[in-house]
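First the structure, in the form of structure tokens, and then the observations on it.
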Amino acid sequence: MPLVAKLAWQHVGRQEDALLRRIRRAIRVAKDAESKSILKHVVDMKCSLSLSMDSPYIHLPRAFMSALPKIHGRDLREFRLLILEAYEPLASLTKVDDFKKVFLEAFKAHHWVWTNAGVLHRDISNNNVMFRRRGDQIEGVLCDWDLSSTKEDLDALMTSTSDVDGEQDADFPHDQTDVADTQNRDAQPIDDSESLDEESGDILAGMRRRARYRTGTGPFMALELLYTPAEPPVHKYHFDVQSFFWLLCWVAARHNPDKKKLGKISQWLNKDMKTTYYNKVEFLKDSDTQEAIFKAAHPAYKPLIDSWIDNVQILFRNAARVFDAIRDLHFDMKRARRSNKMKQVNIIAASIALKEREIEETLTYESFLAELD
């Protein structure tokens, strides 16, 4: 079995090893065979190691970099080493049927982990859905859980903060819009939580508040995360469902199984996340835009585009329309707040909550799978 070492100086709040152990414990205690089978679709971590800057076992130059963020003298980053089973990227697949199998297994494993282990991935992308070969068999595997959050942290944020209080039509700060250079870089994951709670010195609070901050990889991020300002909404399950949809479209449009290459949809790679938002909405609503993106698709993917994508995109088009209405309501609420019309603010806030629930009820695990039959 080939292994790979994952090394990084990560924020103390990123505890991928602990979350993977939590997931594996949940699978081990499950009694049904279907749940037991999920184990092979979650990255297999063999061991892990975490070391702080103060550790006597390491003496690296980084420890002497005075510009590193610290709270009460403690560095916010730790050295992490994970030894993992090595997997193959989606580009290496040679059959569309194999991709469909890998995609479905990763999607089902993601849902099982959320509902049974209480861990939400939050960074579904072409780099994090991979596969292994077992003889003639292909098995999908969901990797890279370092940006994930627990259900407890997400629920705590939902009860302690209000998504509708933010001014959703604000502009992004510059440092939160650098998603990817379309000429020189692949899409890279985003995590806006690197400097949380430095002033308060509350490390645990910072780890919990991470769940509210924008994470993901630009081309695959949910519309709500692409458009919202510096204080995005708490990450929800349907945000990851959206990411799976964008991944499905990305692979169908740009994977060449003959050459084992996976290209890019340049319209979804922008330094400004709002531009990506508008381009993805246009993809959903404008048939000419969609046809132009799929025009270069490999012939083997045409049946998948005409079936899976043509069916399931209706869900996301409807959700995009509802989110457009939410954006308008936020604009109205901002004006009402400025005029101190608090009764109107409360009415609008209730309308926003109802429409957010409508999106949640539209983009479900069950509805997504039903459209792929």
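Ordering of the structure tokens sets the chain letters (A, B, ...); residue numbers start at 1 within each chain; ligands are numbered from 1 in the order shown.
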
**Request:** Any chance you could list, as an NGL selection string, the residues in stretch 239-314 of chain A that come up strand (DSSP E or B) when DSSP is run on the backbone?
**Result:** :A and (255-256 or 261-262)

Write a file of the just-selected residues containing N, CA and C atoms, as a compact mmCIF listing (two decimals), in the first residue's frame.
# COMPACT_ATOMS: atom_id res chain seq x y z
N HIS A 255 -12.68 17.04 -18.33
CA HIS A 255 -11.87 15.82 -18.17
C HIS A 255 -11.71 15.11 -19.51
N ASN A 256 -10.46 14.78 -19.82
CA ASN A 256 -10.17 13.98 -21.01
C ASN A 256 -9.68 12.62 -20.54
N LYS A 261 -6.22 13.86 -18.36
CA LYS A 261 -6.01 15.26 -18.00
C LYS A 261 -7.33 15.90 -17.59
N LEU A 262 -7.25 16.77 -16.60
CA LEU A 262 -8.43 17.51 -16.14
C LEU A 262 -8.13 19.00 -16.26

**Message:** Env of A:Val141: 6 Å cut, atoms = only C-alpha atoms, seq-sep filter 2 positions within chain, self excluded. Answer as an MDAnalysis selection string.
**Reply:** chainID A and resid 41:42 106 129:131

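All residues of protein, DNA or RNA that reach within 8 Å of stretch 82-84 of chain A, judged by only C-alpha atoms and not counting those fewer than 6 positions away in the chain, are Leu3, Val4, Ala5, Lys6, Leu7, Asp17, Val43, Asp44, Met45, Lys46, Cys47, Ser48 and Leu49 of chain A.
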
Please dump the current selection as an mmCIF file, in the first residue's frame; keep all heavy atoms.
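Saved file part36.cif follows:
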data_model
loop_
_atom_site.group_PDB
_atom_site.id
_atom_site.type_symbol
_atom_site.label_atom_id
_atom_site.label_comp_id
_atom_site.auth_asym_id
_atom_site.auth_seq_id
_atom_site.Cartn_x
_atom_site.Cartn_y
_atom_site.Cartn_z
ATOM 1 N N LEU A 3 1.998 5.039 0.607
ATOM 2 C CA LEU A 3 1.638 6.034 1.611
ATOM 3 C C LEU A 3 2.163 7.402 1.197
ATOM 4 O O LEU A 3 3.081 7.517 0.381
ATOM 5 C CB LEU A 3 2.216 5.659 2.978
ATOM 6 C CG LEU A 3 1.781 4.321 3.576
ATOM 7 C CD1 LEU A 3 2.516 4.064 4.877
ATOM 8 C CD2 LEU A 3 0.271 4.273 3.785
ATOM 9 N N VAL A 4 1.583 8.435 1.773
ATOM 10 C CA VAL A 4 2.014 9.798 1.513
ATOM 11 C C VAL A 4 2.062 10.556 2.833
ATOM 12 O O VAL A 4 1.255 10.293 3.736
ATOM 13 C CB VAL A 4 1.064 10.502 0.506
ATOM 14 C CG1 VAL A 4 -0.338 10.614 1.081
ATOM 15 C CG2 VAL A 4 1.606 11.862 0.102
ATOM 16 N N ALA A 5 3.017 11.469 2.958
ATOM 17 C CA ALA A 5 3.125 12.306 4.156
ATOM 18 C C ALA A 5 2.561 13.685 3.861
ATOM 19 O O ALA A 5 2.935 14.318 2.879
ATOM 20 C CB ALA A 5 4.581 12.413 4.589
ATOM 21 N N LYS A 6 1.647 14.129 4.694
ATOM 22 C CA LYS A 6 1.068 15.468 4.573
ATOM 23 C C LYS A 6 1.671 16.330 5.679
ATOM 24 O O LYS A 6 1.428 16.099 6.859
ATOM 25 C CB LYS A 6 -0.454 15.403 4.699
ATOM 26 C CG LYS A 6 -1.163 16.735 4.561
ATOM 27 C CD LYS A 6 -2.682 16.551 4.612
ATOM 28 C CE LYS A 6 -3.405 17.875 4.488
ATOM 29 N NZ LYS A 6 -4.881 17.692 4.511
ATOM 30 N N LEU A 7 2.475 17.321 5.288
ATOM 31 C CA LEU A 7 3.153 18.180 6.247
ATOM 32 C C LEU A 7 2.699 19.616 6.058
ATOM 33 O O LEU A 7 2.577 20.093 4.936
ATOM 34 C CB LEU A 7 4.680 18.112 6.067
ATOM 35 C CG LEU A 7 5.360 16.745 6.151
ATOM 36 C CD1 LEU A 7 5.427 16.100 4.783
ATOM 37 C CD2 LEU A 7 6.764 16.907 6.718
ATOM 38 N N ASP A 17 -6.484 15.415 12.101
ATOM 39 C CA ASP A 17 -6.253 14.090 12.662
ATOM 40 C C ASP A 17 -7.317 13.720 13.683
ATOM 41 O O ASP A 17 -7.840 12.595 13.683
ATOM 42 C CB ASP A 17 -4.851 13.989 13.263
ATOM 43 C CG ASP A 17 -4.526 15.121 14.222
ATOM 44 O OD1 ASP A 17 -5.290 16.110 14.263
ATOM 45 O OD2 ASP A 17 -3.507 15.022 14.934
ATOM 46 N N VAL A 43 -10.603 9.002 3.731
ATOM 47 C CA VAL A 43 -9.149 8.889 3.713
ATOM 48 C C VAL A 43 -8.641 8.088 4.913
ATOM 49 O O VAL A 43 -9.098 8.273 6.042
ATOM 50 C CB VAL A 43 -8.508 10.300 3.680
ATOM 51 C CG1 VAL A 43 -8.902 11.118 4.897
ATOM 52 C CG2 VAL A 43 -6.991 10.208 3.563
ATOM 53 N N ASP A 44 -7.716 7.190 4.645
ATOM 54 C CA ASP A 44 -7.183 6.305 5.673
ATOM 55 C C ASP A 44 -5.915 6.922 6.260
ATOM 56 O O ASP A 44 -4.867 6.950 5.622
ATOM 57 C CB ASP A 44 -6.875 4.937 5.056
ATOM 58 C CG ASP A 44 -6.439 3.909 6.095
ATOM 59 O OD1 ASP A 44 -6.419 4.263 7.291
ATOM 60 O OD2 ASP A 44 -6.125 2.775 5.705
ATOM 61 N N MET A 45 -6.021 7.424 7.495
ATOM 62 C CA MET A 45 -4.871 8.002 8.188
ATOM 63 C C MET A 45 -4.217 6.924 9.049
ATOM 64 O O MET A 45 -4.862 6.302 9.893
ATOM 65 C CB MET A 45 -5.303 9.174 9.074
ATOM 66 C CG MET A 45 -4.163 9.851 9.805
ATOM 67 S SD MET A 45 -4.722 11.183 10.907
ATOM 68 C CE MET A 45 -5.565 10.215 12.188
ATOM 69 N N LYS A 46 -2.929 6.710 8.839
ATOM 70 C CA LYS A 46 -2.204 5.687 9.587
ATOM 71 C C LYS A 46 -1.707 6.214 10.933
ATOM 72 O O LYS A 46 -1.741 5.500 11.933
ATOM 73 C CB LYS A 46 -1.026 5.183 8.757
ATOM 74 C CG LYS A 46 -1.423 4.606 7.403
ATOM 75 C CD LYS A 46 -2.393 3.454 7.543
ATOM 76 C CE LYS A 46 -2.752 2.855 6.198
ATOM 77 N NZ LYS A 46 -3.721 1.742 6.314
ATOM 78 N N CYS A 47 -1.207 7.432 10.967
ATOM 79 C CA CYS A 47 -0.746 8.036 12.209
ATOM 80 C C CYS A 47 -0.583 9.532 11.985
ATOM 81 O O CYS A 47 -0.632 10.011 10.842
ATOM 82 C CB CYS A 47 0.567 7.424 12.697
ATOM 83 S SG CYS A 47 1.950 7.643 11.546
ATOM 84 N N SER A 48 -0.390 10.283 13.071
ATOM 85 C CA SER A 48 -0.239 11.732 12.959
ATOM 86 C C SER A 48 0.660 12.238 14.078
ATOM 87 O O SER A 48 0.851 11.572 15.101
ATOM 88 C CB SER A 48 -1.596 12.441 13.019
ATOM 89 O OG SER A 48 -2.186 12.276 14.307
ATOM 90 N N LEU A 49 1.184 13.445 13.880
ATOM 91 C CA LEU A 49 2.058 14.082 14.861
ATOM 92 C C LEU A 49 1.830 15.581 14.806
ATOM 93 O O LEU A 49 1.760 16.168 13.723
ATOM 94 C CB LEU A 49 3.524 13.777 14.549
ATOM 95 C CG LEU A 49 4.590 14.507 15.373
ATOM 96 C CD1 LEU A 49 4.573 13.995 16.814
ATOM 97 C CD2 LEU A 49 5.970 14.321 14.754
#

**Prompt:** What lies within 7 Å of A:Ser148 using only C-alpha atoms, ignoring chain neighbours under 3 positions off, as a PyMOL selection string?
**Reply:** chain A and resi 119-122+145

**Item:** A:Ile326 environment, 9 Å, only C-alpha atoms, sequence neighbours closer than 3 positions dropped, as a PyMOL selection string
**Value:** chain A and resi 321-323+329-331+351-353+355-356

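Using only C-alpha atoms, the nearest neighbour of A:Asp272 within the list A:Val241, A:Met221, A:Leu226, A:Val251 is A:Leu226.
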
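Of the residues listed (A:Leu247, A:Lys295, A:Leu90, A:Ile359), A:Ile359 shows the shortest atom-to-atom separation from A:Ala320; distances use only C-alpha atoms.
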
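A straight line drawn from atom CA of A:Asp32 to atom CA of A:Lys108 is 15.3 Å long.
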
**Prompt:** Contacts of A:Glu366 at 12 Å or less, counting only C-alpha atoms, minus same-chain residues fewer than 3 places along, as a PyMOL selection string?
**Reply:** chain A and resi 107-108+111+238+241+312+315+360-363+369-373

**Item:** Selected residue, from A:Lys259, A:Lys343, A:Lys264, A:Arg327, that lies nearest to A:Thr94 when counting only C-alpha atoms
**Value:** A:Lys259

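Using only C-alpha atoms for every distance, the candidate list A:Glu34, A:Arg133, A:Arg77, A:Glu152 yields A:Arg133 as the residue closest to A:Pro2.
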
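Taking atom CA of A:Glu88 as the reference point, atom CA of A:Asp258 is found at 15.9 Å.
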
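Here atom CA of A:Ile348 is placed at a distance of 16.9 Å from atom CA of A:Pro233.
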